[in-house]
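I have placed the structure first, in the form of structure tokens, so that the comments after it can refer back to it.
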Amino acid sequence: MKKVVTEPRLLEITERIRERSAATRADYLQGIEASRATGTARGRLACTNFAHAFAAADAGDKQVLRAARWPNLAIVSAYNDMLSAHQPFERFPALIKRAARETGAVAQFAGGVPAMCDGVTQGRAGMELSLFSRDVIAMATGIALAHDTFDAALCLGVCDKIVPGLLMGALSFGHLPVVFVPGGPMPSGIANGEKSRIRRLHAEGTVGREELLESEAASYHAPGTCTFYGTANSNQLLMEVMGLHLPGAAFVAPNTALRDALTAAAAQRAAKTSALGGEYLPLADLVDERAIVNAIVGLLATGGSTNHTLHLVAIARCAGIIVNWDDFSDLSAFVPLLTRIYPNGSADVNRFHEAGGTGFLIRELLDAGLLHEEVRTVMGVGLRAHTREPHWVEGRLEWRAAPLLSGDTDVLRPASEPFSAQGGLTVLRGNLGRAVIKTSAVAEAHRVVEAPALVFDDQEEVIAAFKAGRLDRDFVAVVRFQGPRANGMPELHQLTPALASLQARGRRVALVTDGRMSGASGSVPAAIHVTPECAHGGPLARVRDGDVILVDSLRGLLEAKVAPDVWSRREPAPFDATRNARGAGREMFRTLRRAAGDAECGAMTLM
């Protein structure tokens with residue numbers, strides 16, 4: 001086999017992160033070391049505490065738990081039956097408990113965590129709780145594991161804030177082995193291009209609600225994850241690249257024999273990697289600076305969700321590792337784009353999986369020297385183990401090498417023939433602050449926009465102006481007071497059809513906001529996550545209607561073309577803290593809004 005030479009720039013950026021994080025990582029690992037213990041934690045419980053921990057167990061499990069010889073696995077699940085992606089988890093605890101017993105372990109359902117669907121809350125007041133639900137999930141995961149009776153954990157989650165929250169919470173218990181267990185995508189529905197077309201027509205008022213609803217219902221139509229490559233499926237890809245899934249588990253369909261076998265195998269692997277299982281693999285040893293860099297590379301190579309410029313930063317910080325947007329941008333400069341998955345193409349994740357999926361992708365990146373191979377994963381060996389894909393053969397699970405050739409080069413390509421030589425994520429800098437822009441789905445002709453600003457305080461104002469015909473021009477929509485401290489940083493996904501419609505008419509348009517776009521950010525250039533945010537003194541609040549704004553993703557510029565003396569004297573627009581303070585539970589999140597950090601720090605409220 002040809003010796004792989006790791007890309008020197010990958011090593012340089014990783015070393016930069018390691019040096020930057022030396023003190024915080026050491027502090028994290030010191031805390032984890034203090035939590036380690038020989039044997040099982042429940043053996044240290046007082047008798048009253050211990051009796052509470054197994055009181056509801058059946059007779060067999062109760063005896064095993066009392067003997068403290070078998071590992072006890074915590075199940076932490078984001079199950080609910082409204083989210084299509086999480087509905088399949090209803091069956092998983094029974095599968096896990098049965099598999100645990102077969103391998104000499106016990107599994108207990110340790111706790112449930114909340115699971116919001118951004119698809120339901122888009123454009124609604126509830127979306128202002130969405131980002132902070134990540135930190136609530138992290139805390140709920142901590143509560144589930146805080147009983148100190150477990151030897152390993154299985155985290156069941158798929159969607160946008162849920163997997164990051166589960167991982168953030170689990171990292172506080174990094175002395176435990178943790179295996180992430182996905183649910184799988186729903187079957188492919190209506191073509192993504194057709195779905196987008198109907199959305200644009202509805203935004204223009206040429207098709208009605210009933211036709212739009214029919215289109216959407218044909219897209220989101222069955223149990224399983226939505227099949228476009230937004231944040232939920234980016235989560236699943238990143239768990240694979242970080243080695244926290246079993247190999248190839250991400251995109252296997254729910255309610256199939258193979259999916260059930262993978263779920264059972266995850267339980268058995270968690271038992272074996274516990275301190276009582278002979279292959280102790282604590283989570284803290286898996287999630288290091290190399291794993292975080294691998295995750296960023298995986299995100300860039302697939303054109304994944306911009307939400308991970310928040311989530312990966314937050315996950316890293318929970319492991320004592322400090323990354324920033326410059327790390328993303330510097331990696332993007334040499335990580336090639338190897339996939340075209342909607343919204344960066346027409347295919348969905350099912351076609352990606354059929355073309356070779358995560359196994360093919362990871363092998364290509366490894367062979368190109370673009371991933372750290374000598375990391376530890378849940379399989380106990382390097383990342384090369386995750387270049388395999390699972391198969392159900394004559395009633396048993398087996399892994400085979402991923403195909404050598406892509407099954408569809410319109411969807412998945414080798415590193416030698418990428419769609420683009422760069423990952424398509426850029427940091428913008430200028431007198432408006434720092435922002436990120438995803439260009440993997442933006443045509444070359446739209447990667448630089450210079451036009452007069454139209455300033456709005458929420459997306460509803462933009463949509464109202466569009467419907468009134470006031471936006472049929474070249475302009476940059478500045479949507480302010482959408483940051484984490486202002487209103488929880490909701491996604492502004494409702495803007496996409498209107499702005500895309502204007503762009504299709506030949507208008508030069510762009511979006512600049514301190515808020516988020518959907519994980520399915522698409523063809524309209526969007527400078528998002530602008531930091532500092534407007535509610536915290538950010539210069540974006542100084543922009544006025546008519547100011548010429550430059551969004552230049554080629555040179556990495558985000559500027560208001562205003563004379564410096566005028567700009568320096570201009571007062572920022574005042575923030576109305578009462579505007580989004582109440583309704584749909586928002587009043588309960590006031591403390592989190594006040595505590596939230598900047599977007600480049602992951603918008604965290606936990607530390």
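Every chain in the structure tokens takes a letter, A first, then B, and so on in the order presented; its residues are numbered from 1, and the ligands are numbered from 1 following the presented order.
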Can you check which residues of range 170-313 of chain A DSSP gives as strand (DSSP E) on the backbone and send them as number ranges by chain? A: 178-181
Find the residues of range 221-272 of chain A that sit at most 12 Å from range 167-173 of chain A; for each, write down the nearest two atoms and how far apart they are in Å, to one decimal. Count only C-alpha atoms. Sort by chain, then by number going up, and give it as a tab-separated table.
```
residue	atom	partner	partner_atom	distance
A:Asn235	CA	A:Leu167	CA	10.7
A:Leu238	CA	A:Leu167	CA	11.6
A:Met239	CA	A:Leu167	CA	9.7
A:Met242	CA	A:Leu167	CA	11.5
A:Leu244	CA	A:Leu167	CA	9.7
```
Residues from the last selection, N, CA and C atoms, saved as an mmCIF file, in the first residue's frame:
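This went into again_2.cif:
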```
data_model
loop_
_atom_site.group_PDB
_atom_site.id
_atom_site.type_symbol
_atom_site.label_atom_id
_atom_site.label_comp_id
_atom_site.auth_asym_id
_atom_site.auth_seq_id
_atom_site.Cartn_x
_atom_site.Cartn_y
_atom_site.Cartn_z
ATOM 1 N N ASN A 235 -24.439 16.532 10.741
ATOM 2 C CA ASN A 235 -24.144 15.896 12.029
ATOM 3 C C ASN A 235 -23.710 14.449 11.843
ATOM 4 N N LEU A 238 -20.317 14.051 10.288
ATOM 5 C CA LEU A 238 -19.227 14.417 11.193
ATOM 6 C C LEU A 238 -19.011 13.363 12.268
ATOM 7 N N MET A 239 -20.067 12.729 12.743
ATOM 8 C CA MET A 239 -19.882 11.659 13.717
ATOM 9 C C MET A 239 -19.094 10.498 13.114
ATOM 10 N N MET A 242 -15.392 11.686 12.809
ATOM 11 C CA MET A 242 -14.778 11.732 14.136
ATOM 12 C C MET A 242 -14.628 10.344 14.755
ATOM 13 N N LEU A 244 -17.085 8.381 15.921
ATOM 14 C CA LEU A 244 -17.980 8.193 17.059
ATOM 15 C C LEU A 244 -19.196 7.333 16.727
#
```
So, counting only C-alpha atoms, which residue among A:Arg396, A:Arg413, A:Arg508, A:Arg384 is closest to Arg340 in chain A?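 The shortest atom-to-atom distance to Arg340 in chain A comes from A:Arg413.
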Range 351-444 of chain A: residues DSSP assigns to alpha helix (DSSP H), reported as a list in words: Arg351, Phe352, His353, Glu354, Ala355, Gly357, Thr358, Gly359, Phe360, Leu361, Ile362, Arg363, Glu364, Leu365, Leu366 and Asp367 of chain A
For the selection just defined, write its residues with C-alpha atoms to a file, as a PDB file, in the first residue's frame.
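See again07.pdb below for the written result:
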```pdb
ATOM      1  CA  ARG A 351     -27.798   8.926  -3.559  1.00  0.00           C
ATOM      2  CA  PHE A 352     -24.592   9.910  -1.759  1.00  0.00           C
ATOM      3  CA  HIS A 353     -24.788   6.721   0.296  1.00  0.00           C
ATOM      4  CA  GLU A 354     -25.449   4.604  -2.786  1.00  0.00           C
ATOM      5  CA  ALA A 355     -22.514   6.223  -4.626  1.00  0.00           C
ATOM      6  CA  GLY A 357     -21.001   7.199   1.039  1.00  0.00           C
ATOM      7  CA  THR A 358     -18.886   7.914   4.071  1.00  0.00           C
ATOM      8  CA  GLY A 359     -16.524   4.974   3.573  1.00  0.00           C
ATOM      9  CA  PHE A 360     -15.488   6.153   0.109  1.00  0.00           C
ATOM     10  CA  LEU A 361     -15.235   9.769   1.255  1.00  0.00           C
ATOM     11  CA  ILE A 362     -13.095   9.017   4.318  1.00  0.00           C
ATOM     12  CA  ARG A 363     -10.761   6.773   2.310  1.00  0.00           C
ATOM     13  CA  GLU A 364     -10.283   9.440  -0.359  1.00  0.00           C
ATOM     14  CA  LEU A 365      -9.479  12.081   2.237  1.00  0.00           C
ATOM     15  CA  LEU A 366      -7.137   9.746   4.102  1.00  0.00           C
ATOM     16  CA  ASP A 367      -5.288   8.745   0.940  1.00  0.00           C
TER      17      ASP A 367
END
```
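Shortest separation to Leu425 in chain A among A:Ala486, A:Val381, A:Val476, A:Val335 occurs at residue A:Val335, atoms counted being only C-alpha atoms.
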Shell of 12 Å around Ala465 in chain A, only C-alpha atoms, local chain residues under 2 positions omitted, as an MDAnalysis selection string: chainID A and resid 203 454:456 458:463 467:473 477 495 498:499
If you measure from CA of Leu131 in chain A to CA of Val163 in chain A, what distance in Å do you get, rounded to one decimal? 12.3 Å
Determine, counting only C-alpha atoms, which protein, DNA and RNA residues have an atom within 9 Å of an atom of Val158 in chain A; residues of the same chain fewer than 6 positions away are not included. Present the result as a list in words.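 Close residues of Val158 in chain A: Ala78, Ala85, His86, Val181, Pro182, Gly183, Gly184, Thr225, Ala232, Asn233, Asn235 and Gln236 of chain A.
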Identify which of the residues A:Thr256, A:Asn294, A:Ser84, A:Thr591 lies closest to Thr227 in chain A, counting only C-alpha atoms when measuring atom-to-atom distances.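 Of A:Thr256, A:Asn294, A:Ser84, A:Thr591, the one nearest Thr227 in chain A, counting only C-alpha atoms, is A:Ser84.
For the atom pair formed by CA of Ala385 in chain A and CA of Thr231 in chain A, the distance is 24.8 Å, given to one decimal.
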Range 19-32 of chain A surroundings by only C-alpha atoms, 6 Å radius, close-in-sequence under 6 positions cut, as a list in words: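 Near range 19-32 of chain A, the qualifying residues are His175, Gly320, Ile321 and Ile322 of chain A.
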Just write the chosen residues, N, CA and C atoms, as a tab-separated table (two decimals), in the first residue's frame.
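Saved result, result_16.tsv, follows:
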```
chain	number	residue	atom	x	y	z
A	175	HIS	N	-14.72	10.51	30.82
A	175	HIS	CA	-14.10	9.27	31.30
A	175	HIS	C	-14.90	8.04	30.88
A	320	GLY	N	-12.06	21.25	25.91
A	320	GLY	CA	-10.89	22.04	26.23
A	320	GLY	C	-10.09	22.48	25.03
A	321	ILE	N	-10.68	22.45	23.84
A	321	ILE	CA	-9.98	22.77	22.59
A	321	ILE	C	-10.56	24.06	22.01
A	322	ILE	N	-9.69	24.98	21.61
A	322	ILE	CA	-10.12	26.28	21.12
A	322	ILE	C	-9.89	26.36	19.62
```
Polymer residues at most 6 Å from range 341-349 of chain A, only C-alpha atoms, same-chain spacing of 3 or more positions, as a PDB file with N, CA and C atoms, in the first residue's frame:
```
ATOM      1  N   THR A 227     -33.845  14.245   3.791  1.00  0.00           N
ATOM      2  CA  THR A 227     -32.748  13.718   2.978  1.00  0.00           C
ATOM      3  C   THR A 227     -31.851  14.777   2.353  1.00  0.00           C
ATOM      4  N   PHE A 228     -32.156  16.067   2.519  1.00  0.00           N
ATOM      5  CA  PHE A 228     -31.222  17.065   2.009  1.00  0.00           C
ATOM      6  C   PHE A 228     -30.025  17.169   2.962  1.00  0.00           C
ATOM      7  N   TYR A 229     -28.961  17.802   2.469  1.00  0.00           N
ATOM      8  CA  TYR A 229     -27.724  17.847   3.256  1.00  0.00           C
ATOM      9  C   TYR A 229     -27.671  19.143   4.067  1.00  0.00           C
ATOM     10  N   PHE A 352     -25.971   9.859  -2.254  1.00  0.00           N
ATOM     11  CA  PHE A 352     -24.592   9.910  -1.759  1.00  0.00           C
ATOM     12  C   PHE A 352     -24.185   8.568  -1.152  1.00  0.00           C
ATOM     13  N   ALA A 441     -22.514  26.403  -3.037  1.00  0.00           N
ATOM     14  CA  ALA A 441     -23.702  26.358  -3.879  1.00  0.00           C
ATOM     15  C   ALA A 441     -23.940  27.679  -4.608  1.00  0.00           C
ATOM     16  N   ALA A 520     -29.297  24.402   5.138  1.00  0.00           N
ATOM     17  CA  ALA A 520     -29.411  24.195   3.687  1.00  0.00           C
ATOM     18  C   ALA A 520     -29.139  25.493   2.931  1.00  0.00           C
ATOM     19  N   GLY A 522     -28.112  28.156   0.431  1.00  0.00           N
ATOM     20  CA  GLY A 522     -28.068  27.792  -0.979  1.00  0.00           C
ATOM     21  C   GLY A 522     -27.389  28.788  -1.883  1.00  0.00           C
TER      22      GLY A 522
END
```
